[in-house]
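So this one's data11.cif, mmCIF, C-alpha atoms:
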data_data
#
loop_
_atom_site.label_atom_id
_atom_site.label_comp_id
_atom_site.auth_asym_id
_atom_site.auth_seq_id
_atom_site.Cartn_x
_atom_site.Cartn_y
_atom_site.Cartn_z
CA MET A 1328 -20.51 -2.69 -17.68
CA THR A 1329 -19.31 -4.98 -14.90
CA GLU A 1330 -21.22 -6.71 -12.12
CA ALA A 1331 -18.70 -5.34 -9.62
CA PHE A 1332 -19.75 -1.81 -10.58
CA LEU A 1333 -23.44 -2.70 -10.33
CA HIS A 1334 -22.83 -4.16 -6.86
CA TYR A 1335 -21.15 -0.91 -5.85
CA ILE A 1336 -23.98 1.19 -7.25
CA TRP A 1337 -26.63 -0.90 -5.50
CA GLN A 1338 -24.78 -1.17 -2.17
CA PHE A 1339 -24.40 2.60 -1.84
CA GLN A 1340 -27.54 3.48 -3.80
CA TYR A 1341 -25.69 5.71 -6.26
CA PHE A 1342 -28.50 5.95 -8.82
CA ASP A 1343 -31.51 8.11 -9.57
CA LYS A 1344 -34.30 6.90 -7.26
CA ARG A 1345 -37.00 9.21 -8.54
CA ASN A 1346 -40.17 7.48 -9.78
CA LEU A 1347 -38.76 4.00 -9.33
CA ARG A 1348 -40.74 1.29 -11.08
CA THR A 1349 -40.17 -2.34 -11.93
CA THR A 1350 -40.07 -3.45 -15.56
CA GLN A 1351 -43.75 -4.42 -15.15
CA GLY A 1352 -44.63 -0.85 -14.19
CA GLU A 1353 -45.19 -1.38 -10.47
CA GLU A 1354 -44.11 1.37 -8.08
CA LEU A 1355 -40.93 0.45 -6.19
CA GLN A 1356 -39.59 1.79 -2.89
CA ILE A 1357 -36.23 0.76 -1.38
CA PHE A 1358 -35.99 0.91 2.41
CA GLN A 1359 -32.88 -1.25 2.87
CA PRO A 1360 -30.64 -2.47 -0.02
CA GLY A 1361 -29.44 -5.41 2.06
CA ILE A 1362 -26.12 -6.73 3.29
CA LYS A 1363 -23.51 -7.74 0.74
CA ASN A 1364 -23.02 -11.50 0.70
CA VAL A 1365 -19.46 -12.77 0.30
CA HIS A 1366 -20.49 -16.43 0.33
CA ALA A 1367 -22.57 -18.58 -2.02
CA GLY A 1368 -26.13 -17.46 -2.70
CA PRO A 1369 -27.85 -14.20 -3.70
CA ASP A 1370 -25.69 -11.06 -3.83
CA PHE A 1371 -27.44 -9.15 -1.01
CA SER A 1372 -29.39 -10.49 1.94
CA ASP A 1373 -31.92 -8.96 4.36
CA ALA A 1374 -33.10 -6.29 1.94
CA ARG A 1375 -36.41 -4.48 2.51
CA ILE A 1376 -38.46 -3.04 -0.35
CA LYS A 1377 -42.03 -2.28 -1.32
CA VAL A 1378 -43.46 -3.32 -4.67
CA GLY A 1379 -46.89 -1.87 -5.34
CA ASP A 1380 -48.83 -2.22 -2.08
CA LEU A 1381 -46.76 -5.11 -0.68
CA GLU A 1382 -43.69 -4.79 1.50
CA TRP A 1383 -41.03 -7.51 1.11
CA ARG A 1384 -37.99 -8.61 3.07
CA GLY A 1385 -35.50 -10.97 1.47
CA SER A 1386 -32.57 -11.16 -0.97
CA VAL A 1387 -31.52 -9.12 -4.00
CA GLU A 1388 -29.67 -10.57 -7.01
CA LEU A 1389 -27.73 -8.50 -9.58
CA HIS A 1390 -26.77 -9.23 -13.19
CA ILE A 1391 -25.71 -7.18 -16.18
CA ASN A 1392 -28.57 -8.73 -18.21
CA THR A 1393 -31.73 -10.37 -16.90
CA SER A 1394 -30.75 -13.48 -18.89
CA GLY A 1395 -27.90 -13.94 -16.39
CA TRP A 1396 -30.47 -15.47 -14.05
CA ALA A 1397 -30.98 -18.44 -16.38
CA GLU A 1398 -27.31 -18.60 -17.40
CA HIS A 1399 -26.34 -19.12 -13.76
CA HIS A 1400 -29.19 -21.65 -13.26
CA HIS A 1401 -30.66 -19.75 -10.31
CA GLU A 1402 -34.09 -21.18 -11.10
CA ALA A 1403 -32.84 -24.59 -9.96
CA ASP A 1404 -31.28 -23.32 -6.71
CA ALA A 1405 -33.52 -23.16 -3.64
CA ALA A 1406 -31.30 -20.39 -2.17
CA TYR A 1407 -32.74 -18.01 -4.77
CA GLU A 1408 -36.37 -18.63 -3.82
CA ARG A 1409 -36.08 -15.74 -1.35
CA VAL A 1410 -35.02 -13.19 -3.99
CA ILE A 1411 -37.47 -10.28 -3.87
CA LEU A 1412 -35.82 -8.07 -6.52
CA HIS A 1413 -33.65 -8.64 -9.58
CA VAL A 1414 -31.43 -5.60 -10.28
CA VAL A 1415 -29.90 -5.41 -13.77
CA TRP A 1416 -28.21 -3.06 -16.18
CA ASN A 1417 -30.32 -4.22 -19.09
CA GLU A 1418 -33.48 -6.31 -19.58
CA ASP A 1419 -33.15 -8.83 -22.39
CA LYS A 1420 -35.46 -11.50 -21.02
CA ILE A 1421 -38.44 -11.77 -18.66
CA ILE A 1422 -37.63 -13.89 -15.60
CA THR A 1423 -40.27 -15.85 -13.73
CA ARG A 1424 -40.26 -17.56 -10.35
CA SER A 1425 -40.86 -21.25 -9.87
CA ASP A 1426 -44.58 -20.54 -9.34
CA GLY A 1427 -44.81 -18.78 -12.71
CA SER A 1428 -45.03 -15.23 -11.36
CA ILE A 1429 -42.80 -12.57 -12.93
CA MET A 1430 -39.71 -11.66 -10.90
CA PRO A 1431 -39.79 -7.96 -9.90
CA THR A 1432 -36.93 -6.37 -11.85
CA LEU A 1433 -35.26 -2.96 -11.68
CA VAL A 1434 -33.23 -1.72 -14.67
CA LEU A 1435 -30.45 0.77 -13.81
CA LYS A 1436 -29.22 1.54 -17.33
CA ASP A 1437 -30.68 5.03 -17.49
CA ARG A 1438 -30.38 5.84 -13.80
CA ILE A 1439 -26.60 5.90 -13.30
CA ASP A 1440 -24.48 9.02 -13.64
CA THR A 1441 -22.30 8.47 -16.73
CA GLY A 1442 -19.49 10.42 -15.04
CA LEU A 1443 -19.42 7.90 -12.19
CA TRP A 1444 -19.05 5.04 -14.67
CA GLU A 1445 -16.39 6.88 -16.69
CA ARG A 1446 -14.23 7.58 -13.62
CA TYR A 1447 -14.43 3.93 -12.61
CA ARG A 1448 -13.60 2.77 -16.15
CA LYS A 1449 -10.51 4.99 -16.27
CA LEU A 1450 -9.26 3.60 -12.97
CA ILE A 1451 -9.56 -0.07 -13.89
CA THR A 1452 -8.27 0.27 -17.46
CA GLY A 1453 -5.38 2.68 -16.82
CA ALA A 1454 -1.80 1.64 -17.54
CA GLU A 1455 -0.45 2.66 -14.11
CA SER A 1456 0.40 -0.15 -11.69
CA ILE A 1457 -1.29 1.95 -9.00
CA PRO A 1458 -4.66 2.91 -10.58
CA CYS A 1459 -5.20 6.04 -8.47
CA ALA A 1460 -1.66 7.39 -8.90
CA ARG A 1461 -2.74 10.59 -10.65
CA GLY A 1462 -5.60 11.47 -8.33
CA LEU A 1463 -4.29 10.25 -5.00
CA HIS A 1464 -3.23 13.72 -3.87
CA THR A 1465 -6.86 14.90 -4.07
CA VAL A 1466 -8.13 12.28 -1.60
CA ASN A 1467 -8.66 13.41 1.97
CA PRO A 1468 -5.74 12.21 4.16
CA VAL A 1469 -8.25 10.76 6.65
CA VAL A 1470 -9.61 8.49 3.90
CA ARG A 1471 -6.11 7.37 2.96
CA LEU A 1472 -5.16 6.61 6.55
CA SER A 1473 -8.36 4.69 7.24
CA MET A 1474 -7.69 2.51 4.18
CA LEU A 1475 -4.12 1.82 5.32
CA ASP A 1476 -5.40 0.84 8.77
CA ARG A 1477 -7.76 -1.57 7.05
CA THR A 1478 -5.11 -3.12 4.78
CA LEU A 1479 -2.67 -3.51 7.65
CA LEU A 1480 -5.26 -5.47 9.63
CA LEU A 1481 -5.97 -7.61 6.56
CA ARG A 1482 -2.26 -8.37 6.27
CA LEU A 1483 -1.91 -9.18 9.95
CA GLU A 1484 -4.91 -11.52 9.85
CA SER A 1485 -3.50 -13.25 6.78
CA LYS A 1486 -0.14 -13.78 8.47
CA ALA A 1487 -1.86 -14.97 11.63
CA ALA A 1488 -3.67 -17.60 9.54
CA GLY A 1489 -0.26 -18.96 8.51
CA VAL A 1490 0.72 -19.25 12.17
CA TRP A 1491 -2.50 -21.10 12.99
CA ALA A 1492 -1.75 -23.58 10.20
CA LEU A 1493 1.68 -24.24 11.74
CA LEU A 1494 0.11 -24.52 15.17
CA GLU A 1495 -2.37 -27.11 13.93
CA ALA A 1496 0.38 -29.08 12.20
CA ASN A 1497 2.29 -29.12 15.50
CA LYS A 1498 -0.72 -30.15 17.60
CA GLY A 1499 -1.03 -26.84 19.43
CA ASP A 1500 2.64 -26.51 20.39
CA TRP A 1501 3.37 -22.77 20.24
CA ASN A 1502 7.12 -23.26 20.78
CA GLU A 1503 7.40 -25.62 17.82
CA ALA A 1504 5.26 -23.35 15.63
CA ALA A 1505 7.39 -20.31 16.54
CA TYR A 1506 10.59 -22.27 15.85
CA GLN A 1507 9.40 -23.39 12.39
CA LEU A 1508 8.14 -19.93 11.47
CA MET A 1509 11.40 -18.30 12.49
CA ALA A 1510 13.43 -20.93 10.66
CA ARG A 1511 11.47 -20.21 7.48
CA ASN A 1512 12.15 -16.49 7.87
CA PHE A 1513 15.86 -17.09 8.37
CA GLY A 1514 15.71 -18.25 4.75
CA PHE A 1515 14.67 -14.71 3.74
CA LYS A 1516 12.31 -15.76 0.90
CA VAL A 1517 14.95 -17.26 -1.39
CA ASN A 1518 15.70 -20.17 0.94
CA ALA A 1519 12.53 -20.13 3.01
CA GLU A 1520 11.35 -23.56 1.83
CA PRO A 1521 14.52 -25.56 2.62
CA PHE A 1522 14.80 -23.77 5.97
CA GLN A 1523 11.28 -24.83 6.88
CA GLN A 1524 11.95 -28.40 5.72
CA LEU A 1525 15.06 -28.42 7.90
CA ALA A 1526 13.09 -27.20 10.94
CA THR A 1527 10.51 -29.94 10.35
CA ALA A 1528 13.25 -32.58 10.12
CA LEU A 1529 14.91 -31.25 13.31
CA PRO A 1530 12.17 -30.45 15.85
CA TYR A 1531 12.79 -27.76 18.43
CA THR A 1532 12.65 -30.32 21.23
CA LEU A 1533 15.58 -32.15 19.62
CA ILE A 1534 17.60 -28.95 19.19
CA LEU A 1535 17.05 -27.99 22.84
CA LYS A 1536 18.66 -31.25 23.96
CA HIS A 1537 21.94 -30.07 22.41
CA ALA A 1538 21.63 -26.30 22.86
CA ASP A 1539 24.41 -26.29 25.46
CA ARG A 1540 26.79 -27.78 22.86
CA PRO A 1541 26.90 -25.24 19.99
CA VAL A 1542 29.08 -27.48 17.83
CA GLN A 1543 26.41 -30.20 17.99
CA VAL A 1544 23.69 -27.74 16.99
CA GLU A 1545 25.81 -26.71 14.00
CA ALA A 1546 26.46 -30.37 13.15
CA LEU A 1547 22.73 -31.14 13.23
CA LEU A 1548 21.84 -28.17 11.04
CA PHE A 1549 24.63 -28.38 8.47
CA GLY A 1550 24.54 -32.18 8.33
CA THR A 1551 20.76 -32.43 7.88
CA ALA A 1552 20.91 -29.56 5.40
CA GLY A 1553 23.26 -31.63 3.22
CA PHE A 1554 26.35 -29.42 3.44
CA LEU A 1555 28.72 -31.85 5.15
CA GLU A 1556 28.84 -34.52 2.43
CA ASP A 1557 31.48 -32.72 0.37
CA ALA A 1558 32.86 -30.40 3.06
CA PRO A 1559 36.70 -30.24 3.19
CA ASP A 1560 38.77 -31.93 5.88
CA ASP A 1561 39.79 -28.86 7.84
CA PRO A 1562 39.57 -29.27 11.64
CA TYR A 1563 36.18 -27.53 11.95
CA SER A 1564 34.54 -29.52 9.15
CA LYS A 1565 35.97 -32.80 10.45
CA THR A 1566 34.52 -32.07 13.90
CA LEU A 1567 31.07 -31.40 12.46
CA LYS A 1568 31.20 -34.59 10.38
CA GLN A 1569 32.15 -36.67 13.41
CA GLU A 1570 29.40 -35.14 15.53
CA PHE A 1571 26.80 -35.55 12.80
CA THR A 1572 27.73 -39.18 12.19
CA MET A 1573 26.95 -39.91 15.83
CA LEU A 1574 23.77 -37.78 15.94
CA ARG A 1575 22.49 -39.03 12.58
CA GLY A 1576 22.37 -42.58 13.88
CA LYS A 1577 20.93 -41.59 17.24
CA TYR A 1578 18.01 -39.68 15.71
CA THR A 1579 17.65 -41.64 12.43
CA LEU A 1580 18.20 -38.52 10.34
CA GLU A 1581 19.44 -40.23 7.17
CA GLN A 1582 16.04 -40.24 5.46
CA LYS A 1583 15.31 -36.66 6.54
CA ARG A 1584 18.42 -35.09 5.06
CA LEU A 1585 18.09 -32.39 2.44
CA HIS A 1586 20.34 -32.22 -0.59
CA LYS A 1587 22.80 -29.40 -1.06
CA THR A 1588 21.20 -28.55 -4.41
CA GLN A 1589 17.98 -27.51 -2.65
CA TRP A 1590 19.76 -24.42 -1.34
CA ARG A 1591 20.09 -21.36 -3.54
CA PHE A 1592 23.28 -19.27 -3.73
CA LEU A 1593 22.83 -17.72 -7.16
CA ARG A 1594 22.44 -13.93 -7.24
CA LEU A 1595 22.71 -13.70 -3.46
CA ARG A 1596 25.17 -11.48 -1.68
CA PRO A 1597 27.66 -13.63 0.24
CA SER A 1598 26.28 -12.34 3.56
CA ASN A 1599 22.92 -13.86 2.55
CA PHE A 1600 24.32 -17.27 1.60
CA PRO A 1601 22.33 -20.07 3.25
CA THR A 1602 25.51 -21.29 4.96
CA ILE A 1603 25.83 -17.95 6.78
CA ARG A 1604 22.14 -17.90 7.67
CA LEU A 1605 22.43 -21.46 9.02
CA ALA A 1606 25.41 -20.45 11.14
CA GLN A 1607 23.47 -17.47 12.51
CA TRP A 1608 20.42 -19.67 13.13
CA ALA A 1609 22.64 -22.13 15.01
CA ALA A 1610 24.05 -19.29 17.13
CA LEU A 1611 20.54 -18.15 18.05
CA LEU A 1612 19.39 -21.66 18.97
CA SER A 1613 22.53 -22.26 21.05
CA THR A 1614 22.36 -19.06 23.06
CA LYS A 1615 18.64 -18.30 23.34
CA ARG A 1616 15.84 -20.32 24.86
CA ASN A 1617 12.04 -20.16 24.79
CA LEU A 1618 11.66 -18.59 21.36
CA PHE A 1619 7.91 -18.19 21.57
CA ALA A 1620 7.85 -16.61 25.04
CA ARG A 1621 10.60 -14.16 24.16
CA LEU A 1622 9.12 -13.13 20.81
CA THR A 1623 5.70 -12.46 22.33
CA THR A 1624 6.76 -10.60 25.48
CA GLY A 1625 9.63 -8.40 24.37
CA GLU A 1626 9.31 -4.80 23.21
CA TYR A 1627 11.17 -3.46 20.19
CA GLN A 1628 14.57 -2.57 21.66
CA GLU A 1629 14.68 -5.72 23.80
CA LEU A 1630 14.03 -7.92 20.76
CA VAL A 1631 16.61 -6.12 18.63
CA GLU A 1632 19.24 -6.72 21.30
CA TRP A 1633 18.08 -10.32 21.73
CA LEU A 1634 18.50 -10.99 18.01
CA SER A 1635 21.87 -9.25 17.74
CA ILE A 1636 23.75 -12.53 17.51
CA HIS A 1637 27.24 -13.42 16.25
CA GLN A 1638 27.86 -16.61 14.35
CA SER A 1639 30.69 -18.90 15.50
CA ASP A 1640 34.33 -18.05 14.78
CA TYR A 1641 34.61 -20.24 11.68
CA TRP A 1642 31.68 -18.48 10.00
CA ARG A 1643 33.05 -15.03 10.76
CA HIS A 1644 35.79 -15.83 8.23
CA HIS A 1645 34.06 -18.21 5.80
CA TYR A 1646 31.06 -17.79 3.49
CA GLN A 1647 31.17 -21.44 2.52
CA PHE A 1648 33.04 -24.50 3.79
CA GLY A 1649 36.75 -24.24 2.95
CA ARG A 1650 36.56 -20.72 1.46
CA GLU A 1651 38.22 -18.33 3.86
CA VAL A 1652 37.71 -14.56 3.68
CA LYS A 1653 38.88 -11.66 5.81
CA SER A 1654 35.57 -10.96 7.53
CA VAL A 1655 31.87 -11.93 7.37
CA PRO A 1656 29.24 -9.58 8.78
CA VAL A 1657 27.00 -10.61 11.67
CA LEU A 1658 23.20 -10.50 11.48
CA GLY A 1659 22.42 -6.90 10.48
CA LYS A 1660 19.72 -4.48 11.64
CA SER A 1661 17.67 -4.80 8.46
CA SER A 1662 17.68 -8.59 8.77
CA ILE A 1663 16.60 -8.33 12.40
CA HIS A 1664 13.75 -6.06 11.37
CA ALA A 1665 12.68 -8.53 8.70
CA LEU A 1666 12.65 -11.33 11.27
CA LEU A 1667 10.53 -9.25 13.65
CA ILE A 1668 8.06 -8.25 10.93
CA ASN A 1669 7.61 -11.78 9.65
CA THR A 1670 7.95 -13.76 12.87
CA ALA A 1671 7.23 -11.78 16.04
CA VAL A 1672 4.37 -9.73 14.58
CA PRO A 1673 2.39 -12.69 13.15
CA LEU A 1674 2.93 -14.69 16.35
CA LEU A 1675 1.63 -11.84 18.48
CA VAL A 1676 -1.47 -11.37 16.35
CA ALA A 1677 -2.23 -15.09 16.15
CA TYR A 1678 -1.76 -15.61 19.89
CA GLY A 1679 -3.70 -12.45 20.75
CA ARG A 1680 -6.65 -13.52 18.60
CA GLN A 1681 -6.62 -17.05 20.02
CA GLN A 1682 -6.50 -15.83 23.61
CA ASP A 1683 -8.81 -12.88 22.93
CA GLU A 1684 -6.11 -10.58 24.34
CA GLN A 1685 -5.88 -7.32 22.41
CA ARG A 1686 -2.66 -6.34 24.19
CA PHE A 1687 -0.70 -8.83 22.06
CA VAL A 1688 -2.08 -7.31 18.85
CA ASP A 1689 -1.27 -3.84 20.20
CA ARG A 1690 2.30 -4.98 20.88
CA ALA A 1691 2.57 -6.22 17.29
CA ILE A 1692 1.47 -2.82 16.00
CA ARG A 1693 3.93 -1.05 18.30
CA LEU A 1694 6.74 -3.16 16.87
CA LEU A 1695 5.78 -2.09 13.35
CA GLU A 1696 5.59 1.56 14.38
CA ASN A 1697 9.09 1.38 15.86
CA MET A 1698 10.74 -0.09 12.77
CA PRO A 1699 11.67 1.82 9.61
CA ALA A 1700 9.72 1.11 6.44
CA GLU A 1701 10.87 -1.68 4.18
CA GLN A 1702 12.54 -0.48 1.02
CA ASN A 1703 11.39 -2.30 -2.10
CA THR A 1704 9.90 -1.64 -5.53
CA ILE A 1705 6.34 -1.38 -4.22
CA THR A 1706 7.02 0.99 -1.31
CA ARG A 1707 9.05 3.19 -3.65
CA LEU A 1708 6.09 3.34 -6.06
CA TYR A 1709 3.84 4.72 -3.34
CA ALA A 1710 6.48 7.11 -2.05
CA ALA A 1711 6.87 8.46 -5.60
CA ILE A 1712 3.17 9.42 -5.77
CA GLY A 1713 3.21 11.26 -2.47
CA LEU A 1714 2.39 8.75 0.27
CA ASP A 1715 4.38 8.85 3.51
CA VAL A 1716 6.27 5.58 3.91
CA LYS A 1717 8.14 6.04 7.17
CA THR A 1718 7.56 2.97 9.33
CA ALA A 1719 7.02 -0.75 8.89
CA PHE A 1720 3.38 -0.06 9.74
CA ASP A 1721 3.19 2.02 6.53
CA SER A 1722 5.12 -0.40 4.34
CA GLN A 1723 3.18 -3.47 5.48
CA ALA A 1724 -0.13 -1.69 4.91
CA LEU A 1725 0.97 -0.57 1.43
CA LEU A 1726 2.20 -4.03 0.45
CA GLU A 1727 -1.25 -5.38 1.25
CA LEU A 1728 -2.97 -2.48 -0.51
CA TYR A 1729 -0.96 -3.20 -3.64
CA SER A 1730 -1.39 -6.98 -3.70
CA SER A 1731 -5.04 -7.16 -2.64
CA PHE A 1732 -6.50 -4.05 -4.24
CA CYS A 1733 -4.29 -2.19 -6.74
CA GLN A 1734 -3.01 -5.23 -8.63
CA LYS A 1735 -6.50 -6.73 -8.81
CA ARG A 1736 -8.12 -3.38 -9.71
CA ARG A 1737 -10.51 -3.68 -6.76
CA CYS A 1738 -10.92 0.10 -6.72
CA LEU A 1739 -14.60 -0.10 -5.77
CA GLU A 1740 -13.70 -1.93 -2.55
CA CYS A 1741 -10.89 0.49 -1.71
CA ALA A 1742 -11.80 3.63 0.23
CA ILE A 1743 -9.30 5.63 -1.83
CA GLY A 1744 -10.58 4.38 -5.20
CA ALA A 1745 -14.22 4.72 -4.18
CA ASN A 1746 -13.56 8.30 -3.08
CA LEU A 1747 -12.08 9.14 -6.48
CA ILE A 1748 -14.98 7.50 -8.31
CA ARG A 1749 -17.54 9.49 -6.33
CA SER A 1750 -15.68 12.79 -6.77
CA ALA A 1751 -17.14 15.01 -9.47
#

How does this structure look as structure tokens?
Amino acid sequence: MTEAFLHYIWQFQYFDKRNLRTTQGEELQIFQPGIKNVHAGPDFSDARIKVGDLEWRGSVELHINTSGWAEHHHEADAAYERVILHVVWNEDKIITRSDGSIMPTLVLKDRIDTGLWERYRKLITGAESIPCARGLHTVNPVVRLSMLDRTLLLRLESKAAGVWALLEANKGDWNEAAYQLMARNFGFKVNAEPFQQLATALPYTLILKHADRPVQVEALLFGTAGFLEDAPDDPYSKTLKQEFTMLRGKYTLEQKRLHKTQWRFLRLRPSNFPTIRLAQWAALLSTKRNLFARLTTGEYQELVEWLSIHQSDYWRHHYQFGREVKSVPVLGKSSIHALLINTAVPLLVAYGRQQDEQRFVDRAIRLLENMPAEQNTITRLYAAIGLDVKTAFDSQALLELYSSFCQKRRCLECAIGANLIRSA
């Protein structure tokens, strides 16, 4: 038995309520099981019950055994003085209040449908990475869709929290926060950290001062990133070195420089090399202005066109300094989609929540609905068991479902899992 299952049983009252009595033999009536508490203190608050002839309003605490009360030292916590009922699976000890009176206790051991418990046990102990894989097709599509709506919102709120952290670090400057978030996402996970460090070392306000001189933007980025120290002496590299030498002194960048070893190349396709991403980032910063305003006002097609950038001539024929190739691709559609999902969408949600403007959140959802689903191991798992994974709305919702519910076996808190557990 688990406390999570007992919480589920109590919250939805899935037990035999005929002839309810406390362990002391008093008649028990339940009018309101209470509101589940996600913070410190008793498990459910604002419950309403009747024990004998007295009606009570207060908190309910649950344990597998009654001895859990003492094990968790609730007798020494004033927050538990308002507990009006102790709900347990098994009574192994009589619990008393601070005034010496016996705590009203309800034992559920013989009142729960064994089939309900068995279905739950199979879900949480199964070998499948998605617990409900075998029974998912039996769940009403409306239930599945409502759960995906819920997980998408959870994911959007989580990403918005990351934006708010950046906003706080930048003293409320939305442009700087947008710039740092986008820089991180230009690292595409593998090089996200050094990209963010680079954006912190080179504030957006500094970049804007040189945006009309693309070669200086490239010099600032590649020099501060640590790539110019051992770059060859071809004309392009020499120009960048000269520009960076001047800018490094002007902005005291020596102590802010990253080291080349912080950037990862291993197991990356050449088109994803950090040098190429830096060149593309430089092209964006040199040709586009007002990152935040553009990302939060544009619709899908406008933003795709806005992000369809070409890196400078040198980087159309080099993956790294001094290594010439025939051709290097420009920023592709899938990369643009990734940038929109991880930059524009979180910015829209964070700004919409801060301004209490739902239209920004709606725009974020429209963006997701207009983009194809991400293709990865997790989305393929769900597609294999019969879920439609067509848009980025679907894939983002499923990624959150997997990480927050399936992986953690939180089936009782998932509408899909709970539906399967209840089904006879």

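Atom pair atom CA of Leu1412 of chain A / atom CA of Thr1432 of chain A: separated by 5.7 Å.
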
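Between atom CA of Phe1554 of chain A and atom CA of Trp1633 of chain A the interatomic distance comes to 27.7 Å.
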
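Nearest-residue note for Ser1473 of chain A: choosing from A:Asp1721, A:Thr1551, A:Leu1535, A:Asn1617, the minimum distance belongs to A:Asp1721, counting all atoms listed in the file.
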
Taking the file above as input, evaluate the PyMOL selection byres ((chain A and resi 1714) around 12) and report the hits as a PyMOL selection string. chain A and resi 1459-1460+1463-1466+1468+1471-1472+1475+1705-1713+1715-1718+1721-1722+1724-1725

Could you tell me, as an mmCIF file with C-alpha atoms, in the frame of the given file, exactly which residues end up selected when the PyMOL selection byres ((chain A and resi 1621) around 12) is applied to this structure?
data_model
loop_
_atom_site.group_PDB
_atom_site.id
_atom_site.type_symbol
_atom_site.label_atom_id
_atom_site.label_comp_id
_atom_site.auth_asym_id
_atom_site.auth_seq_id
_atom_site.Cartn_x
_atom_site.Cartn_y
_atom_site.Cartn_z
ATOM 1 C CA TRP A 1501 3.370 -22.770 20.240
ATOM 2 C CA ASN A 1502 7.120 -23.260 20.780
ATOM 3 C CA ALA A 1505 7.390 -20.310 16.540
ATOM 4 C CA TYR A 1506 10.590 -22.270 15.850
ATOM 5 C CA LYS A 1615 18.640 -18.300 23.340
ATOM 6 C CA ARG A 1616 15.840 -20.320 24.860
ATOM 7 C CA ASN A 1617 12.040 -20.160 24.790
ATOM 8 C CA LEU A 1618 11.660 -18.590 21.360
ATOM 9 C CA PHE A 1619 7.910 -18.190 21.570
ATOM 10 C CA ALA A 1620 7.850 -16.610 25.040
ATOM 11 C CA LEU A 1622 9.120 -13.130 20.810
ATOM 12 C CA THR A 1623 5.700 -12.460 22.330
ATOM 13 C CA THR A 1624 6.760 -10.600 25.480
ATOM 14 C CA GLY A 1625 9.630 -8.400 24.370
ATOM 15 C CA GLU A 1626 9.310 -4.800 23.210
ATOM 16 C CA TYR A 1627 11.170 -3.460 20.190
ATOM 17 C CA GLU A 1629 14.680 -5.720 23.800
ATOM 18 C CA LEU A 1630 14.030 -7.920 20.760
ATOM 19 C CA VAL A 1631 16.610 -6.120 18.630
ATOM 20 C CA GLU A 1632 19.240 -6.720 21.300
ATOM 21 C CA TRP A 1633 18.080 -10.320 21.730
ATOM 22 C CA LEU A 1634 18.500 -10.990 18.010
ATOM 23 C CA LEU A 1667 10.530 -9.250 13.650
ATOM 24 C CA THR A 1670 7.950 -13.760 12.870
ATOM 25 C CA ALA A 1671 7.230 -11.780 16.040
ATOM 26 C CA LEU A 1674 2.930 -14.690 16.350
ATOM 27 C CA LEU A 1675 1.630 -11.840 18.480
#

List, as a PyMOL selection string, every residue that the PyMOL selection byres ((chain A and resi 1643) around 9) selects in the file provided. chain A and resi 1603+1637-1642+1644-1646+1652-1657

Hey, could you patch up segment 1730-1738 of chain A with N, CA, C and O atoms and hand it over as a JSON list (two decimals), in the frame of the given file?
[["chain", "number", "residue", "atom", "x", "y", "z"],
["A", 1730, "SER", "N", -1.12, -5.61, -3.27],
["A", 1730, "SER", "CA", -1.39, -6.98, -3.70],
["A", 1730, "SER", "C", -2.88, -7.33, -3.70],
["A", 1730, "SER", "O", -3.34, -8.07, -4.56],
["A", 1731, "SER", "N", -3.63, -6.78, -2.75],
["A", 1731, "SER", "CA", -5.04, -7.16, -2.64],
["A", 1731, "SER", "C", -6.00, -6.24, -3.36],
["A", 1731, "SER", "O", -7.12, -6.64, -3.68],
["A", 1732, "PHE", "N", -5.58, -5.00, -3.62],
["A", 1732, "PHE", "CA", -6.50, -4.05, -4.24],
["A", 1732, "PHE", "C", -5.97, -3.48, -5.55],
["A", 1732, "PHE", "O", -6.62, -3.61, -6.59],
["A", 1733, "CYS", "N", -4.79, -2.86, -5.53],
["A", 1733, "CYS", "CA", -4.29, -2.19, -6.74],
["A", 1733, "CYS", "C", -4.03, -3.18, -7.88],
["A", 1733, "CYS", "O", -4.48, -2.96, -9.00],
["A", 1734, "GLN", "N", -3.32, -4.26, -7.59],
["A", 1734, "GLN", "CA", -3.01, -5.23, -8.63],
["A", 1734, "GLN", "C", -4.28, -5.85, -9.21],
["A", 1734, "GLN", "O", -4.35, -6.14, -10.41],
["A", 1735, "LYS", "N", -5.27, -6.08, -8.37],
["A", 1735, "LYS", "CA", -6.50, -6.73, -8.81],
["A", 1735, "LYS", "C", -7.56, -5.74, -9.28],
["A", 1735, "LYS", "O", -8.67, -6.13, -9.62],
["A", 1736, "ARG", "N", -7.20, -4.44, -9.28],
["A", 1736, "ARG", "CA", -8.12, -3.38, -9.71],
["A", 1736, "ARG", "C", -9.44, -3.43, -8.93],
["A", 1736, "ARG", "O", -10.51, -3.22, -9.47],
["A", 1737, "ARG", "N", -9.32, -3.67, -7.62],
["A", 1737, "ARG", "CA", -10.51, -3.68, -6.76],
["A", 1737, "ARG", "C", -10.75, -2.28, -6.21],
["A", 1737, "ARG", "O", -10.91, -2.06, -5.01],
["A", 1738, "CYS", "N", -10.79, -1.31, -7.11],
["A", 1738, "CYS", "CA", -10.92, 0.10, -6.72],
["A", 1738, "CYS", "C", -12.23, 0.38, -6.00],
["A", 1738, "CYS", "O", -12.30, 1.24, -5.13]]
